[in-house]
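**Q** To be precise about what I am sending: the file is called my_file_10.txt and holds compact mmCIF, C-alpha atoms.
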# COMPACT_ATOMS: atom_id res chain seq x y z
CA VAL A 1 -5.30 -0.71 -13.34
CA GLN A 2 -7.84 -3.29 -12.24
CA THR A 3 -7.16 -6.80 -13.54
CA ASP A 4 -8.99 -10.11 -13.24
CA GLN A 5 -5.67 -11.90 -12.56
CA ALA A 6 -6.50 -12.03 -8.85
CA LYS A 7 -5.24 -14.35 -6.14
CA THR A 8 -8.69 -14.37 -4.55
CA GLY A 9 -11.90 -12.61 -5.42
CA GLN A 10 -12.52 -11.03 -8.80
CA TYR A 11 -9.85 -8.33 -9.11
CA ALA A 12 -6.29 -7.37 -8.26
CA ALA A 13 -4.16 -4.29 -8.98
CA LYS A 14 -1.80 -4.33 -11.98
CA ILE A 15 1.00 -1.76 -11.94
CA GLN A 16 2.99 -1.60 -15.20
CA THR A 17 6.00 0.36 -16.42
CA GLN A 18 5.06 2.20 -19.60
CA GLU A 19 6.29 4.59 -22.26
CA LEU A 20 4.71 8.05 -22.09
CA MET A 21 5.08 10.67 -24.76
CA LEU A 22 7.53 13.41 -23.74
CA LEU A 23 8.44 11.61 -20.50
CA GLY A 24 9.98 8.38 -21.79
CA THR A 25 9.79 5.14 -19.83
CA ILE A 26 8.21 5.66 -16.42
CA PRO A 27 7.42 3.19 -13.63
CA GLY A 28 3.86 2.27 -12.79
CA ILE A 29 2.88 3.80 -9.45
CA ALA A 30 -0.16 3.17 -7.27
CA THR A 31 -0.82 4.96 -3.98
CA THR A 32 -3.52 5.32 -1.36
CA GLY A 33 -2.54 9.01 -1.24
CA ALA A 34 -2.43 11.67 -3.92
CA MET A 35 0.12 12.13 -6.71
CA THR A 36 1.12 15.49 -8.12
CA LEU A 37 3.38 15.76 -11.18
CA ASP A 38 5.18 19.09 -11.72
CA ILE A 39 6.66 18.75 -15.21
CA ALA A 40 6.89 22.45 -16.06
CA GLY A 41 8.53 23.48 -12.79
CA GLY A 42 10.94 20.54 -12.72
CA GLY A 43 9.68 19.48 -9.29
CA GLY A 44 9.00 15.90 -10.33
CA LEU A 45 6.48 13.65 -8.64
CA ALA A 46 5.14 14.31 -5.15
CA ILE A 47 3.09 11.73 -3.23
CA THR A 48 1.17 13.07 -0.25
CA GLY A 49 -1.78 12.27 1.96
CA GLY A 50 -3.13 8.87 2.74
CA VAL A 51 -6.01 7.08 4.39
CA PRO A 52 -7.28 7.49 7.96
CA LEU A 53 -6.26 4.68 10.29
CA SER A 54 -7.58 3.61 13.66
CA GLY A 55 -5.45 1.25 15.69
CA LYS A 56 -1.80 0.37 15.48
CA PRO A 57 -1.00 -2.38 12.96
CA THR A 58 2.21 -4.36 13.40
CA LYS A 59 2.45 -5.66 9.80
CA LEU A 60 1.22 -5.02 6.28
CA ASN A 61 0.57 -8.35 4.54
CA GLY A 62 -0.42 -9.17 0.99
CA PHE A 63 0.31 -11.18 -2.13
CA PHE A 64 2.19 -10.26 -5.31
CA LYS A 65 3.47 -11.64 -8.57
CA TYR A 66 6.11 -9.90 -10.64
CA ASP A 67 6.96 -10.05 -14.33
CA ASN A 68 10.13 -7.98 -14.40
CA MET A 69 12.14 -7.07 -17.46
CA GLN A 70 15.93 -7.22 -17.37
CA GLY A 71 16.26 -7.50 -13.58
CA ASP A 72 13.96 -4.58 -12.75
CA THR A 73 13.09 -4.07 -9.04
CA MET A 74 9.65 -3.55 -7.51
CA VAL A 75 8.81 -2.01 -4.14
CA ILE A 76 5.79 -1.88 -1.85
CA PHE A 77 6.32 0.96 0.61
CA ILE A 78 4.23 2.00 3.61
CA VAL A 79 4.43 5.12 5.73
CA THR A 80 2.31 5.85 8.81
CA THR A 81 1.85 9.34 10.22
CA LYS A 82 0.18 11.23 13.03
CA TRP A 83 -1.03 14.83 13.02
CA ASN A 84 1.01 17.03 15.35
CA ALA A 85 -1.25 19.83 16.57
CA GLY A 86 1.69 21.73 18.07
CA THR A 87 3.66 22.04 14.82
CA GLN A 88 0.63 21.79 12.49
CA THR A 89 2.44 19.10 10.48
CA ARG A 90 2.37 15.32 10.10
CA ASP A 91 4.96 13.32 12.04
CA THR A 92 6.21 10.17 10.31
CA LEU A 93 6.00 7.19 12.68
CA THR A 94 6.88 4.30 10.33
CA GLN A 95 8.59 3.90 6.98
CA ALA A 96 9.02 0.32 5.79
CA ALA A 97 9.20 -1.54 2.49
CA PHE A 98 9.29 -4.85 0.69
CA ALA A 99 11.33 -5.03 -2.52
CA THR A 100 12.53 -7.72 -4.93
CA ASN A 101 14.05 -8.07 -8.37
CA GLN A 102 13.08 -11.76 -8.64
CA GLN A 103 10.68 -13.04 -11.26
CA VAL A 104 7.55 -14.38 -9.47
CA SER A 105 5.06 -16.09 -11.80
CA THR A 106 2.45 -17.15 -9.21
CA TYR A 107 1.19 -15.16 -6.26
CA GLU A 108 3.52 -15.19 -3.25
CA ALA A 109 2.92 -13.76 0.21
CA PHE A 110 4.85 -10.77 1.55
CA SER A 111 4.88 -9.18 4.98
CA ILE A 112 6.25 -5.81 6.08
CA ASP A 113 6.98 -5.26 9.79
CA LEU A 114 5.88 -1.88 11.12
CA ASP A 115 8.18 -0.52 13.84
CA TYR A 116 7.11 2.83 15.28
CA THR A 117 9.25 5.77 16.37
CA PRO A 118 8.52 6.52 19.13
CA SER A 119 7.28 3.02 19.96
CA SER A 120 4.45 4.43 22.14
CA ALA A 121 2.95 6.46 19.27
CA THR A 122 -0.24 5.43 17.48
CA PRO A 123 -0.72 6.56 13.85
CA ASP A 124 -3.85 8.26 12.52
CA SER A 125 -3.17 7.67 8.81
CA PHE A 126 -1.19 5.55 6.35
CA ASN A 127 -0.06 5.68 2.75
CA ILE A 128 0.90 2.64 0.69
CA ILE A 129 2.99 3.30 -2.42
CA ILE A 130 3.51 0.50 -4.95
CA ILE A 131 6.10 0.92 -7.72
CA SER A 132 6.67 -1.51 -10.60
CA SER A 133 10.20 -0.24 -11.42
CA ALA A 134 11.94 1.27 -8.41
CA GLY A 135 15.44 1.54 -9.85
CA SER A 136 16.99 4.42 -11.78
CA ALA A 137 16.37 2.77 -15.18
CA PRO A 138 12.75 1.52 -15.40
CA GLN A 139 12.25 -1.29 -17.90
CA LEU A 140 9.35 -1.01 -20.35
CA GLY A 141 6.75 -3.76 -19.85
CA THR A 142 7.59 -4.67 -16.26
CA MET A 143 4.33 -5.73 -14.53
CA LEU A 144 3.55 -6.05 -10.83
CA PHE A 145 0.31 -7.59 -9.55
CA VAL A 146 -0.80 -6.98 -5.94
CA ASP A 147 -3.79 -8.52 -4.14
CA ASP A 148 -5.27 -9.09 -0.68
CA LEU A 149 -3.51 -6.29 1.22
CA SER A 150 -4.31 -6.40 4.93
CA PHE A 151 -3.05 -5.12 8.25
CA GLU A 152 -2.06 -7.46 11.04
CA TYR A 153 -2.39 -6.31 14.62
CA GLY A 154 -0.27 -7.55 17.51
CA ASN A 155 -1.47 -9.08 20.73
CA VAL A 156 -5.02 -7.85 21.25
CA GLY A 157 -6.31 -10.69 23.43
CA ILE A 158 -5.73 -11.79 26.99
CA GLY A 159 -2.13 -11.46 28.15
CA GLU A 160 -0.15 -14.26 29.73
CA THR A 161 -0.57 -14.88 33.45
CA GLU A 162 1.96 -16.00 36.04
CA ASN A 163 -0.37 -18.39 37.87
CA SER A 164 -2.40 -21.04 36.14
CA ILE A 165 -6.12 -20.26 36.13
CA PHE A 166 -7.15 -23.16 33.90
CA SER A 167 -7.32 -26.89 34.50
CA VAL A 168 -7.09 -29.45 31.71
CA TYR A 169 -8.70 -32.86 32.02
CA PRO A 170 -7.64 -35.52 31.37
CA ASN A 171 -4.08 -34.81 32.33
CA PRO A 172 -2.07 -35.51 30.23
CA SER A 173 -4.40 -34.21 27.51
CA ASN A 174 -2.72 -36.01 24.57
CA GLY A 175 -2.40 -32.71 22.67
CA ASN A 176 -6.14 -32.01 22.49
Rewrite the structure of this file - the entire thing - as structure tokens.
**A**
Amino acid sequence: VQTDQAKTGQYAAKIQTQELMLLGTIPGIATTGAMTLDIAGGGGLAITGGVPLSGKPTKLNGFFKYDNMQGDTMVIFIVTTKWNAGTQTRDTLTQAAFATNQQVSTYEAFSIDLDYTPSSATPDSFNIIIISSAGSAPQLGTMLFVDDLSFEYGNVGIGETENSIFSVYPNPSNGN
């Protein structure tokens, strides 16, 4: 749900473990994809899809705070994919996560490195999945707050050169 307990701006996301009739205690889950719950067929929860992506981020950064009950564990998971026209399926290029079971009462930064397989591949979509209780025994009342998610991109500027093409005056420059 949307909450005004934001790090910056007006709102952040609040993901909370809750009790649901007939299902018991279930973790709070947020995703940029789609969730399908198959209770009758016993298939469980399926998370699919995602958001289009242009470029090749090297990190997912953000801020979180975590009010866990009885040592519960949270996870922020990201997967990047690329459409494979030959097989008519999505190839997974990256799967990475940040998890903790530590109580965090004020917003702290997190960063998830994105390593691609193969390293030359560029994704065309991503899905972020955020879970308040990632263990096998979710704890009622556990709350996870997430704000300011952003991608970081690697070197996109001018590369290093072997020969100096700049002069600095005065020399030495005294650090300026």
**Q** If I take atom CA of A:Ala99 and atom CA of A:Thr122, how far is one from the other in Å, to one decimal?
**A**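 Result for atom CA of A:Ala99 versus atom CA of A:Thr122: 25.4 Å, one decimal.
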**Q** Kindly give the distance, in Å, that separates atom CA of A:Asp124 and atom CA of A:Ile112, rounded to a single decimal.
**A**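 Calculated distance between atom CA of A:Asp124 and atom CA of A:Ile112 is 18.5 Å.
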**Q** My list of candidates is A:Asp113, A:Glu19, A:Asp4, A:Glu108. Which is closest to A:Gly62 when distances are computed with only C-alpha atoms?
**A**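 Nearest to A:Gly62: A:Glu108.
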**Q** Determine, using all atoms listed in the file, which residues of stretch 64-136 of chain A have any atom at most 8 Å from an atom of stretch 47-52 of chain A, and tabulate each with its shortest atom pair and distance in Å to one decimal place, rows ordered by chain and then rising number, as CSV.
**A**
residue,atom,partner,partner_atom,distance
A:Asp124,CA,A:Pro52,CA,5.8
A:Ser125,CA,A:Pro52,CA,4.2
A:Phe126,CA,A:Gly50,CA,5.3
A:Asn127,CA,A:Gly50,CA,4.4
A:Ile128,CA,A:Gly50,CA,7.7
**Q** Write out the residues from the selection above, keeping C-alpha atoms, as a JSON list (two decimals), in the coordinates of the input.
**A**
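Listed below is the output, again21.json:
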[["chain", "number", "residue", "atom", "x", "y", "z"],
["A", 124, "ASP", "CA", -3.85, 8.26, 12.52],
["A", 125, "SER", "CA", -3.17, 7.67, 8.81],
["A", 126, "PHE", "CA", -1.19, 5.55, 6.35],
["A", 127, "ASN", "CA", -0.06, 5.68, 2.75],
["A", 128, "ILE", "CA", 0.90, 2.64, 0.69]]
**Q** Env of A:Gly135: 12 Å cut, atoms = all atoms listed in the file, seq-sep filter 4 positions within chain, self excluded. Answer as JSON, numbers by chain.
**A** {"A": [17, 26, 27, 28, 68, 69, 70, 71, 72, 73, 74, 75, 99, 100, 101, 131, 139, 142]}
**Q** Excluding A:Gln2 and any residue of its chain fewer than 6 positions from it, enumerate the residues within 9 Å of it, using all atoms listed in the file, and give them as a tab-separated table (two decimals) with C-alpha atoms, in the coordinates of the input.
**A**
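The result, stored in around_28.tsv:
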chain	number	residue	atom	x	y	z
A	11	TYR	CA	-9.85	-8.33	-9.11
A	12	ALA	CA	-6.29	-7.37	-8.26
A	13	ALA	CA	-4.16	-4.29	-8.98
A	14	LYS	CA	-1.80	-4.33	-11.98
A	15	ILE	CA	1.00	-1.76	-11.94
**Q** What does the distance between atom CA of A:Thr8 and atom CA of A:Ala96 come to in Å, to one decimal place?
**A** 25.2 Å
**Q** Would you mind telling me which residue in A:Ser119, A:Ser132, A:Gln88, A:Thr94 lies nearest to A:Thr31 when using only C-alpha atoms?
**A**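 Closest residue, counting only C-alpha atoms: A:Ser132.
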**Q** Restricting the calculation to only C-alpha atoms, which member of A:Met143, A:Thr89, A:Gly9, A:Gln16 is positioned closest to A:Ile29?
**A** A:Gln16
**Q** Under the rule that only C-alpha atoms are counted, which of A:Thr117, A:Gln102, A:Thr25, A:Thr36 is the nearest residue to A:Ala137?
**A** A:Thr25
